[in-house]
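Novice: My structure file final.cif, mmCIF, C-alpha atoms, is below:
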data_query
loop_
_atom_site.group_PDB
_atom_site.id
_atom_site.type_symbol
_atom_site.label_atom_id
_atom_site.label_comp_id
_atom_site.auth_asym_id
_atom_site.auth_seq_id
_atom_site.Cartn_x
_atom_site.Cartn_y
_atom_site.Cartn_z
ATOM 1 C CA MET A 1 0.000 0.000 0.000
ATOM 2 C CA ARG A 2 2.780 2.404 0.961
ATOM 3 C CA LYS A 3 4.677 1.547 -2.235
ATOM 4 C CA PHE A 4 1.595 2.219 -4.277
ATOM 5 C CA LEU A 5 0.995 5.591 -2.643
ATOM 6 C CA LYS A 6 4.615 6.502 -3.309
ATOM 7 C CA VAL A 7 4.150 5.828 -7.035
ATOM 8 C CA ILE A 8 0.982 7.942 -7.109
ATOM 9 C CA LEU A 9 2.663 10.791 -5.282
ATOM 10 C CA ASN A 10 5.678 10.657 -7.578
ATOM 11 C CA ASN A 11 3.438 10.729 -10.650
ATOM 12 C CA LEU A 12 1.513 13.688 -9.244
ATOM 13 C CA ILE A 13 4.732 15.635 -8.748
ATOM 14 C CA LYS A 14 6.202 14.679 -12.126
ATOM 15 C CA GLY A 15 3.080 15.610 -14.055
ATOM 16 C CA PRO A 16 2.007 14.120 -17.408
ATOM 17 C CA SER A 17 4.658 12.501 -19.618
ATOM 18 C CA THR A 18 3.147 13.925 -22.794
ATOM 19 C CA ILE A 19 5.471 16.202 -24.748
ATOM 20 C CA LYS A 20 3.902 19.411 -26.045
ATOM 21 C CA TYR A 21 5.391 18.829 -29.448
ATOM 22 C CA PRO A 22 3.725 20.977 -32.117
ATOM 23 C CA PHE A 23 3.541 23.894 -29.676
ATOM 24 C CA GLU A 24 6.979 23.403 -28.176
ATOM 25 C CA ASP A 25 10.192 22.055 -29.667
ATOM 26 C CA SER A 26 11.141 18.468 -28.945
ATOM 27 C CA PRO A 27 14.922 17.943 -28.970
ATOM 28 C CA ALA A 28 16.223 14.997 -30.962
ATOM 29 C CA PRO A 29 19.098 12.736 -29.898
ATOM 30 C CA GLU A 30 22.475 13.851 -31.248
ATOM 31 C CA LYS A 31 22.985 10.711 -33.331
ATOM 32 C CA LEU A 32 19.530 10.607 -34.900
ATOM 33 C CA ARG A 33 19.725 10.147 -38.648
ATOM 34 C CA GLY A 34 17.740 12.945 -40.235
ATOM 35 C CA LYS A 35 18.072 15.207 -43.240
ATOM 36 C CA ILE A 36 21.348 15.048 -45.177
ATOM 37 C CA VAL A 37 23.777 17.949 -45.425
ATOM 38 C CA HIS A 38 26.490 17.892 -48.061
ATOM 39 C CA ASN A 39 29.768 19.786 -47.799
ATOM 40 C CA SER A 40 30.782 20.531 -51.386
ATOM 41 C CA ASP A 41 34.290 21.720 -50.388
ATOM 42 C CA ALA A 42 35.244 18.323 -48.992
ATOM 43 C CA CYS A 43 33.546 16.317 -51.748
ATOM 44 C CA VAL A 44 35.801 14.683 -54.346
ATOM 45 C CA ALA A 45 32.929 13.493 -56.571
ATOM 46 C CA CYS A 46 33.827 9.811 -56.336
ATOM 47 C CA HIS A 47 30.140 8.776 -56.766
ATOM 48 C CA LEU A 48 30.463 6.214 -53.956
ATOM 49 C CA CYS A 49 27.430 7.647 -52.112
ATOM 50 C CA GLU A 50 25.357 7.372 -55.279
ATOM 51 C CA TYR A 51 26.441 3.735 -55.620
ATOM 52 C CA VAL A 52 25.608 2.662 -52.043
ATOM 53 C CA CYS A 53 22.381 4.708 -51.687
ATOM 54 C CA ALA A 54 19.639 2.209 -50.749
ATOM 55 C CA GLY A 55 16.719 4.366 -51.811
ATOM 56 C CA GLY A 56 18.324 5.771 -54.955
ATOM 57 C CA ALA A 57 18.036 9.254 -53.506
ATOM 58 C CA ILE A 58 21.480 10.576 -54.400
ATOM 59 C CA LYS A 59 22.244 11.701 -57.932
ATOM 60 C CA MET A 60 25.558 13.165 -59.070
ATOM 61 C CA GLN A 61 25.649 14.552 -62.568
ATOM 62 C CA GLU A 62 27.883 16.852 -64.520
ATOM 63 C CA SER A 63 26.302 20.300 -64.642
ATOM 64 C CA GLU A 64 25.006 21.654 -67.952
ATOM 65 C CA ASP A 65 27.801 24.194 -68.350
ATOM 66 C CA LYS A 66 30.344 21.441 -67.501
ATOM 67 C CA LYS A 67 31.955 23.621 -64.837
ATOM 68 C CA GLY A 68 31.325 21.184 -62.014
ATOM 69 C CA ILE A 69 29.161 18.416 -60.655
ATOM 70 C CA ASP A 70 25.632 18.766 -59.293
ATOM 71 C CA PHE A 71 24.986 16.796 -56.121
ATOM 72 C CA VAL A 72 21.293 16.189 -55.365
ATOM 73 C CA VAL A 73 19.591 14.279 -52.540
ATOM 74 C CA TRP A 74 15.826 13.871 -52.854
ATOM 75 C CA HIS A 75 14.686 13.461 -49.263
ATOM 76 C CA ASP A 76 11.369 11.971 -50.396
ATOM 77 C CA THR A 77 13.062 8.708 -51.306
ATOM 78 C CA CYS A 78 15.888 8.739 -48.756
ATOM 79 C CA THR A 79 15.683 5.946 -46.163
ATOM 80 C CA PHE A 80 18.004 7.814 -43.759
ATOM 81 C CA CYS A 81 20.071 4.631 -43.488
ATOM 82 C CA GLY A 82 23.367 6.537 -43.223
ATOM 83 C CA LEU A 83 25.258 4.351 -45.726
ATOM 84 C CA CYS A 84 26.422 7.440 -47.631
ATOM 85 C CA GLU A 85 27.896 8.966 -44.477
ATOM 86 C CA TYR A 86 29.532 5.666 -43.550
ATOM 87 C CA TYR A 87 31.181 5.124 -46.940
ATOM 88 C CA CYS A 88 32.082 8.737 -47.771
ATOM 89 C CA PRO A 89 35.927 8.741 -47.910
ATOM 90 C CA THR A 90 36.216 12.472 -47.097
ATOM 91 C CA LYS A 91 33.271 12.713 -44.668
ATOM 92 C CA ALA A 92 31.580 15.270 -46.917
ATOM 93 C CA ILE A 93 28.093 13.882 -46.204
ATOM 94 C CA HIS A 94 26.581 14.250 -42.777
ATOM 95 C CA LEU A 95 23.167 13.155 -41.533
ATOM 96 C CA THR A 96 21.927 15.873 -39.178
ATOM 97 C CA ASN A 97 19.413 15.207 -36.437
ATOM 98 C CA ASP A 98 16.775 17.375 -38.151
ATOM 99 C CA TYR A 99 13.633 15.230 -38.345
ATOM 100 C CA HIS A 100 11.116 17.914 -39.420
ATOM 101 C CA THR A 101 10.307 16.252 -42.712
ATOM 102 C CA ALA A 102 6.580 16.962 -43.187
ATOM 103 C CA HIS A 103 5.846 19.156 -46.211
ATOM 104 C CA LEU A 104 3.044 19.991 -48.595
ATOM 105 C CA GLN A 105 2.490 18.165 -51.856
ATOM 106 C CA ALA A 106 3.455 21.285 -53.834
ATOM 107 C CA ASP A 107 7.015 21.016 -52.476
ATOM 108 C CA LYS A 108 7.357 17.324 -53.242
ATOM 109 C CA TYR A 109 9.919 17.613 -56.034
ATOM 110 C CA ASN A 110 11.694 20.569 -54.420
ATOM 111 C CA TYR A 111 12.362 18.734 -51.174
ATOM 112 C CA ILE A 112 16.031 18.281 -51.994
ATOM 113 C CA GLU A 113 19.526 19.123 -50.810
ATOM 114 C CA LYS A 114 21.413 20.453 -53.802
ATOM 115 C CA THR A 115 25.043 21.523 -53.884
ATOM 116 C CA PHE A 116 27.546 22.227 -56.603
ATOM 117 C CA VAL A 117 31.024 20.670 -56.610
ATOM 118 C CA LYS A 118 33.212 23.059 -58.607
ATOM 119 C CA LYS A 119 35.887 21.880 -61.017
ATOM 120 C CA GLN A 120 39.302 23.535 -61.221
ATOM 121 C CA PRO A 121 41.922 23.292 -63.985
ATOM 122 C CA CYS A 122 44.746 20.846 -63.299
ATOM 123 C CA THR A 123 47.888 22.798 -62.403
ATOM 124 C CA CYS A 124 49.933 20.588 -64.744
ATOM 125 C CA CYS A 125 47.907 20.026 -67.923
ATOM 126 C CA GLY A 126 44.959 22.402 -67.435
ATOM 127 C CA GLU A 127 42.180 19.860 -67.769
ATOM 128 C CA PRO A 128 39.207 20.672 -65.470
ATOM 129 C CA ILE A 129 39.090 18.267 -62.492
ATOM 130 C CA VAL A 130 37.525 18.069 -59.045
ATOM 131 C CA PRO A 131 40.434 18.751 -56.666
ATOM 132 C CA LEU A 132 41.134 16.194 -53.944
ATOM 133 C CA SER A 133 40.836 17.342 -50.367
ATOM 134 C CA LEU A 134 44.079 17.707 -48.468
ATOM 135 C CA ALA A 135 43.061 15.066 -45.925
ATOM 136 C CA MET A 136 42.576 12.541 -48.691
ATOM 137 C CA VAL A 137 45.895 13.332 -50.422
ATOM 138 C CA GLU A 138 47.708 12.934 -47.109
ATOM 139 C CA GLN A 139 45.962 9.632 -46.590
ATOM 140 C CA ILE A 140 47.199 8.378 -49.961
ATOM 141 C CA TYR A 141 50.665 9.935 -50.352
ATOM 142 C CA GLY A 142 51.732 10.595 -46.740
ATOM 143 C CA LYS A 143 52.518 13.924 -45.146
ATOM 144 C CA GLU A 144 56.086 14.485 -46.368
ATOM 145 C CA GLY A 145 56.946 16.894 -49.174
ATOM 146 C CA ASP A 146 54.604 19.129 -51.093
ATOM 147 C CA VAL A 147 51.487 16.999 -51.029
ATOM 148 C CA ARG A 148 49.332 20.102 -51.170
ATOM 149 C CA GLY A 149 50.378 20.586 -54.800
ATOM 150 C CA LEU A 150 49.273 17.043 -55.693
ATOM 151 C CA SER A 151 45.720 17.773 -54.582
ATOM 152 C CA LYS A 152 45.188 20.157 -57.504
ATOM 153 C CA MET A 153 46.414 17.789 -60.228
ATOM 154 C CA CYS A 154 44.538 15.338 -62.389
ATOM 155 C CA PRO A 155 45.188 11.610 -61.774
ATOM 156 C CA GLN A 156 47.352 11.239 -64.918
ATOM 157 C CA CYS A 157 49.659 14.132 -63.979
ATOM 158 C CA ARG A 158 49.875 12.853 -60.412
ATOM 159 C CA ARG A 159 50.924 9.453 -61.683
ATOM 160 C CA LYS A 160 53.561 10.963 -63.977
ATOM 161 C CA ILE A 161 55.069 13.057 -61.196
ATOM 162 C CA LEU A 162 55.197 10.158 -58.780
ATOM 163 C CA TRP A 163 56.840 7.963 -61.421
ATOM 164 C CA LYS A 164 59.486 10.625 -62.044
ATOM 165 C CA GLY A 165 60.572 10.578 -58.448
ATOM 166 C CA GLY A 166 57.841 11.171 -55.937
ATOM 167 C CA VAL A 167 56.578 14.162 -54.075
ATOM 168 C CA SER A 168 60.077 15.531 -53.350
ATOM 169 C CA LYS A 169 60.637 16.334 -57.059
ATOM 170 C CA LEU A 170 57.673 18.716 -57.152
ATOM 171 C CA MET B 1 -28.127 24.178 -36.500
ATOM 172 C CA GLY B 2 -26.107 22.861 -39.427
ATOM 173 C CA GLU B 3 -23.682 25.735 -39.147
ATOM 174 C CA LEU B 4 -23.238 25.145 -35.427
ATOM 175 C CA LEU B 5 -22.527 21.466 -36.020
ATOM 176 C CA GLN B 6 -20.014 22.346 -38.698
ATOM 177 C CA ASN B 7 -18.206 24.713 -36.329
ATOM 178 C CA ILE B 8 -18.044 21.990 -33.708
ATOM 179 C CA VAL B 9 -16.860 19.382 -36.175
ATOM 180 C CA LYS B 10 -14.009 21.635 -37.330
ATOM 181 C CA LYS B 11 -12.340 21.160 -33.958
ATOM 182 C CA SER B 12 -12.138 17.418 -34.190
ATOM 183 C CA PRO B 13 -11.004 15.725 -37.388
ATOM 184 C CA TRP B 14 -11.011 11.945 -37.202
ATOM 185 C CA ILE B 15 -8.142 9.957 -38.577
ATOM 186 C CA TYR B 16 -8.265 6.780 -40.581
ATOM 187 C CA ARG B 17 -5.255 4.855 -41.727
ATOM 188 C CA ILE B 18 -4.812 2.643 -44.760
ATOM 189 C CA ASN B 19 -1.985 0.167 -45.108
ATOM 190 C CA ALA B 20 -1.229 -0.029 -48.822
ATOM 191 C CA GLY B 21 1.310 -2.828 -48.628
ATOM 192 C CA SER B 22 3.485 -1.255 -45.983
ATOM 193 C CA CYS B 23 6.164 -3.191 -44.085
ATOM 194 C CA ASN B 24 4.407 -2.121 -40.832
ATOM 195 C CA GLY B 25 7.226 0.210 -39.794
ATOM 196 C CA CYS B 26 5.188 3.321 -40.543
ATOM 197 C CA ASP B 27 2.048 1.694 -39.100
ATOM 198 C CA VAL B 28 3.823 1.130 -35.810
ATOM 199 C CA GLU B 29 4.927 4.776 -35.764
ATOM 200 C CA MET B 30 1.358 5.898 -36.517
ATOM 201 C CA ALA B 31 0.035 3.726 -33.700
ATOM 202 C CA THR B 32 2.757 5.156 -31.457
ATOM 203 C CA THR B 33 1.665 8.676 -32.328
ATOM 204 C CA ALA B 34 -1.867 7.932 -31.207
ATOM 205 C CA LEU B 35 -1.577 5.471 -28.369
ATOM 206 C CA ILE B 36 1.556 6.312 -26.402
ATOM 207 C CA PRO B 37 0.975 9.060 -23.820
ATOM 208 C CA ARG B 38 4.312 10.667 -24.713
ATOM 209 C CA TYR B 39 3.025 11.744 -28.164
ATOM 210 C CA ASP B 40 -0.773 11.526 -27.840
ATOM 211 C CA VAL B 41 -2.171 12.936 -31.061
ATOM 212 C CA GLU B 42 -5.605 13.276 -29.405
ATOM 213 C CA ARG B 43 -4.395 16.586 -27.973
ATOM 214 C CA LEU B 44 -4.990 18.033 -31.454
ATOM 215 C CA GLY B 45 -8.588 16.832 -31.364
ATOM 216 C CA CYS B 46 -7.846 13.873 -33.586
ATOM 217 C CA ARG B 47 -9.038 10.344 -33.033
ATOM 218 C CA TYR B 48 -8.398 7.135 -34.900
ATOM 219 C CA CYS B 49 -11.647 5.657 -36.169
ATOM 220 C CA GLY B 50 -12.392 2.165 -37.367
ATOM 221 C CA SER B 51 -14.591 2.967 -40.338
ATOM 222 C CA PRO B 52 -13.675 5.021 -43.420
ATOM 223 C CA LYS B 53 -17.182 6.510 -43.332
ATOM 224 C CA HIS B 54 -16.354 8.433 -40.150
ATOM 225 C CA ALA B 55 -12.968 9.695 -41.304
ATOM 226 C CA ASP B 56 -11.756 13.197 -42.223
ATOM 227 C CA ILE B 57 -8.009 12.744 -42.524
ATOM 228 C CA VAL B 58 -6.592 9.610 -44.049
ATOM 229 C CA LEU B 59 -3.021 8.452 -43.441
ATOM 230 C CA ILE B 60 -1.714 6.099 -46.095
ATOM 231 C CA SER B 61 1.467 4.050 -45.719
ATOM 232 C CA GLY B 62 3.027 1.548 -48.075
ATOM 233 C CA PRO B 63 4.027 1.594 -51.734
ATOM 234 C CA VAL B 64 0.538 0.781 -53.202
ATOM 235 C CA THR B 65 1.207 -2.696 -54.541
ATOM 236 C CA ALA B 66 -0.723 -4.090 -57.514
ATOM 237 C CA VAL B 67 -2.805 -6.403 -55.280
ATOM 238 C CA VAL B 68 -3.891 -3.726 -52.831
ATOM 239 C CA LYS B 69 -4.354 -0.802 -55.248
ATOM 240 C CA ASP B 70 -8.037 -1.383 -56.108
ATOM 241 C CA LYS B 71 -8.889 -1.972 -52.457
ATOM 242 C CA VAL B 72 -7.189 1.283 -51.429
ATOM 243 C CA LEU B 73 -9.162 3.194 -54.082
ATOM 244 C CA ARG B 74 -12.433 1.557 -52.939
ATOM 245 C CA VAL B 75 -11.831 2.470 -49.280
ATOM 246 C CA TYR B 76 -10.733 5.970 -50.311
ATOM 247 C CA ASP B 77 -14.039 6.494 -52.181
ATOM 248 C CA GLU B 78 -15.968 5.596 -49.035
ATOM 249 C CA ILE B 79 -14.456 8.500 -47.070
ATOM 250 C CA PRO B 80 -16.828 11.475 -47.150
ATOM 251 C CA ASN B 81 -15.735 14.844 -48.505
ATOM 252 C CA PRO B 82 -13.955 17.033 -47.490
ATOM 253 C CA LYS B 83 -11.021 14.729 -46.890
ATOM 254 C CA VAL B 84 -7.287 15.250 -46.618
ATOM 255 C CA VAL B 85 -4.691 12.655 -47.585
ATOM 256 C CA VAL B 86 -1.362 12.348 -45.787
ATOM 257 C CA ALA B 87 1.272 10.053 -47.295
ATOM 258 C CA VAL B 88 3.343 8.616 -44.436
ATOM 259 C CA GLY B 89 6.798 7.219 -45.172
ATOM 260 C CA ILE B 90 8.789 7.357 -48.380
ATOM 261 C CA CYS B 91 6.982 4.393 -49.991
ATOM 262 C CA PRO B 92 3.690 6.098 -50.940
ATOM 263 C CA ILE B 93 5.507 9.318 -51.866
ATOM 264 C CA SER B 94 8.087 7.960 -54.291
ATOM 265 C CA GLY B 95 8.116 4.178 -54.028
ATOM 266 C CA GLY B 96 11.187 4.330 -51.784
ATOM 267 C CA VAL B 97 13.339 1.222 -51.835
ATOM 268 C CA PHE B 98 10.555 -0.659 -53.665
ATOM 269 C CA ARG B 99 10.490 1.734 -56.620
ATOM 270 C CA GLU B 100 10.596 0.006 -60.022
ATOM 271 C CA SER B 101 9.629 -3.295 -58.414
ATOM 272 C CA TYR B 102 7.466 -5.712 -60.475
ATOM 273 C CA SER B 103 4.436 -5.263 -58.235
ATOM 274 C CA ILE B 104 4.459 -1.472 -58.017
ATOM 275 C CA ALA B 105 3.069 0.449 -60.959
ATOM 276 C CA SER B 106 3.287 3.981 -59.682
ATOM 277 C CA GLN B 107 3.292 6.220 -56.630
ATOM 278 C CA LEU B 108 0.230 7.082 -54.607
ATOM 279 C CA ASP B 109 -0.272 10.587 -56.038
ATOM 280 C CA THR B 110 -0.997 9.199 -59.515
ATOM 281 C CA TYR B 111 -4.162 7.536 -58.142
ATOM 282 C CA ILE B 112 -5.238 9.830 -55.300
ATOM 283 C CA PRO B 113 -4.720 13.582 -54.776
ATOM 284 C CA VAL B 114 -2.229 13.746 -51.885
ATOM 285 C CA ASP B 115 -2.068 16.903 -49.717
ATOM 286 C CA VAL B 116 0.772 16.363 -47.247
ATOM 287 C CA ASN B 117 3.910 14.219 -47.468
ATOM 288 C CA VAL B 118 5.792 12.950 -44.429
ATOM 289 C CA PRO B 119 8.975 11.244 -45.657
ATOM 290 C CA GLY B 120 11.036 8.987 -43.446
ATOM 291 C CA CYS B 121 11.706 5.289 -43.191
ATOM 292 C CA PRO B 122 9.774 5.377 -40.889
ATOM 293 C CA PRO B 123 9.207 9.030 -39.942
ATOM 294 C CA ARG B 124 9.485 10.052 -36.284
ATOM 295 C CA PRO B 125 6.196 10.353 -34.370
ATOM 296 C CA GLN B 126 6.895 14.095 -34.081
ATOM 297 C CA ALA B 127 7.133 14.329 -37.872
ATOM 298 C CA ILE B 128 3.794 12.517 -38.194
ATOM 299 C CA ILE B 129 2.284 14.975 -35.693
ATOM 300 C CA ASP B 130 3.686 17.785 -37.889
ATOM 301 C CA GLY B 131 2.017 16.224 -40.932
ATOM 302 C CA ILE B 132 -1.299 15.830 -39.133
ATOM 303 C CA ALA B 133 -1.143 19.462 -37.962
ATOM 304 C CA MET B 134 -0.620 20.562 -41.574
ATOM 305 C CA ALA B 135 -3.476 18.319 -42.704
ATOM 306 C CA ILE B 136 -5.832 19.832 -40.114
ATOM 307 C CA GLU B 137 -5.031 23.342 -41.436
ATOM 308 C CA ILE B 138 -5.848 22.229 -44.985
ATOM 309 C CA TRP B 139 -8.971 20.380 -43.853
ATOM 310 C CA ARG B 140 -10.376 23.441 -42.053
ATOM 311 C CA LYS B 141 -9.960 25.511 -45.205
ATOM 312 C CA LYS B 142 -11.883 22.964 -47.254
ATOM 313 C CA PHE B 143 -15.239 23.604 -45.565
#
Translate this file's structure into structure tokens.

Specialist:
Amino acid sequence: MRKFLKVILNNLIKGPSTIKYPFEDSPAPEKLRGKIVHNSDACVACHLCEYVCAGGAIKMQESEDKKGIDFVVWHDTCTFCGLCEYYCPTKAIHLTNDYHTAHLQADKYNYIEKTFVKKQPCTCCGEPIVPLSLAMVEQIYGKEGDVRGLSKMCPQCRRKILWKGGVSKL
Amino acid sequence: MGELLQNIVKKSPWIYRINAGSCNGCDVEMATTALIPRYDVERLGCRYCGSPKHADIVLISGPVTAVVKDKVLRVYDEIPNPKVVVAVGICPISGGVFRESYSIASQLDTYIPVDVNVPGCPPRPQAIIDGIAMAIEIWRKKF
């Protein structure tokens, strides 16, 4: 009996457990997988996210003026599985904990995250390429020498330079 | 008298849900939204009803498979006007992971006019509450 009264008293003090959600914000856990955010500066356009995407939500295509690559996520077919974040070699994709996904039918095809990955001319031959991020170059070629210069070269020029004698010859 | 009744009815839309071949993930979240005291959609004046003839807002989950399509349309026709359709989960909106499957001809909005989309696989109960709140706004304007 005393135990029972204790529970009742506790519940009276605590009040109802209902959250006042639409009228008050309800915080989400930090690791919740919600809407995707793409960092176009870190992206190297390797298309791995497009390949692993379970819902077929990610599309990467060359832009019409051929000056870069359009990255598009259609949230209306995204399963929020997080495979793209897991496989992204440069951690350019991040699933935020934003779960406010409800929208009107008029916005259905505009409910996207769209970024533009810009191409730059290769410092060696001038062909437009998507530059590698510094973190990725260091991962591949180590931290010694002028690896920063390698990040702005196309794969062919990089290969040539490395064959000639490595990063130190830059 | 009719006007008075209509003003009263505006405060309390009833919800009906249709499972159009869903995996039950979204259905569980919809049940959670209504039945668990933490979310409790009845605060908004909504109530789940058992018959489509009593419904005002209809929540549809699932990718509308070939087998269930005609049945969904039949139940949808039984709901009296004005009605608001909420597509819950990515399956009815775009087909989701089942898109281009042999048993799925098209998305829900090619058969039924959809008003609100709540994507997610499944969406959070809070997102469903958001969708229902939007649907209630639309439904009140339809009178």

Novice: One decimal, Å: what's the distance from CA of Ala54 in chain A over to CA of Thr79 in chain A, could you say?

Specialist: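 Separating CA of Ala54 in chain A from CA of Thr79 in chain A is a distance of 7.1 Å.
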
Novice: What would the selection look like, as a compact mmCIF listing (two decimals) with C-alpha atoms, in the frame of the given file, if the PyMOL selection byres ((chain A) within 7 of (chain B)) were run on the coordinates I just shared?

Specialist:
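In the end it all went to out.txt:
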# COMPACT_ATOMS: atom_id res chain seq x y z
CA SER A 17 4.66 12.50 -19.62
CA THR A 18 3.15 13.92 -22.79
CA ILE A 19 5.47 16.20 -24.75
CA TYR A 21 5.39 18.83 -29.45
CA PRO A 22 3.72 20.98 -32.12
CA ALA A 54 19.64 2.21 -50.75
CA GLY A 55 16.72 4.37 -51.81
CA ASP A 76 11.37 11.97 -50.40
CA THR A 77 13.06 8.71 -51.31
CA THR A 79 15.68 5.95 -46.16
CA PHE A 80 18.00 7.81 -43.76
CA TYR A 99 13.63 15.23 -38.34
CA HIS A 100 11.12 17.91 -39.42
CA THR A 101 10.31 16.25 -42.71
CA ALA A 102 6.58 16.96 -43.19
CA HIS A 103 5.85 19.16 -46.21
CA LEU A 104 3.04 19.99 -48.60
CA GLN A 105 2.49 18.16 -51.86

Novice: From the set A:Ile8, A:Leu162, A:Ala45, A:Val72, which residue has the shortest atom-to-atom contact distance to Ala92 in chain A, counting all atoms listed in the file?

Specialist: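 Nearest candidate to Ala92 in chain A out of A:Ile8, A:Leu162, A:Ala45, A:Val72: A:Ala45.
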
Novice: Enter the distance from CA of Ile18 in chain B to CA of Leu59 in chain B, in Å, rounded to one decimal.

Specialist: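 Result for CA of Ile18 in chain B versus CA of Leu59 in chain B: 6.2 Å, one decimal.
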
Novice: Once the PyMOL selection byres ((chain A and resi 91) around 12) is applied to the coordinates I shared, what remains selected? I want it as a list in words.

Specialist: Val37, His38, Asn39, Ser40, Asp41, Ala42, Cys43, Val44, Ala45, Leu48, Cys49, Gly82, Leu83, Cys84, Glu85, Tyr86, Tyr87, Cys88, Pro89, Thr90, Ala92, Ile93, His94, Leu95, Ser133, Ala135 and Met136 of chain A

Novice: Mind giving me the straight-line distance from CA of Arg158 in chain A to CA of Gly145 in chain A in Å, one decimal?

Specialist: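 For CA of Arg158 in chain A relative to CA of Gly145 in chain A, the distance reads 13.9 Å.
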
Novice: As a check of understanding, name the residues that the PyMOL selection byres ((chain A and resi 115) around 6) selects in the supplied structure, as a PyMOL selection string.

Specialist: chain A and resi 71+114+116

Novice: Of the residues B:Asn7, B:Ser61, B:Ser51, B:Ser12, which is the one nearest to Asn24 in chain B, using all atoms listed in the file?

Specialist: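 Among the listed residues, the smallest separation from Asn24 in chain B belongs to B:Ser61.
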
Novice: Please put the answer as AutoDock Vina command-line options: centre and edge lengths, in Å with one decimal, of a box along x, y and z that encloses all listed atoms of range 127-132 of chain A plus 6 Å on each side.

Specialist:
--center_x 39.9 --center_y 18.4 --center_z -60.9 --size_x 16.7 --size_y 16.5 --size_z 25.8

Novice: Residues within 12 Å of Cys154 in chain A, please, as an MDAnalysis selection string. Count all atoms listed in the file; anything in the same chain fewer than 3 positions from it doesn't count.

Specialist: chainID A and resid 44 119:132 149:151 157:161

Novice: Give as a list in words each residue that has an atom at most 10 Å from (-13.3, 5.8, -42.7) in the file, counting all atoms listed in the file.

Specialist: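 Protein and nucleic acid residues near the point are Trp14, Ile15, Tyr16, Arg17, Ile18, Tyr48, Cys49, Gly50, Ser51, Pro52, Lys53, His54, Ala55, Asp56, Ile57, Val58, Val75, Tyr76, Asp77, Glu78, Ile79 and Pro80 of chain B.
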
Novice: List every protein, DNA or RNA residue with an atom no more than 8 Å from (-8.6, 19.8, -42.5) in the file's coordinates, counting all atoms listed in the file, and format the result as a ChimeraX atom specification.

Specialist: /B:10,13,56-57,82-84,135-142
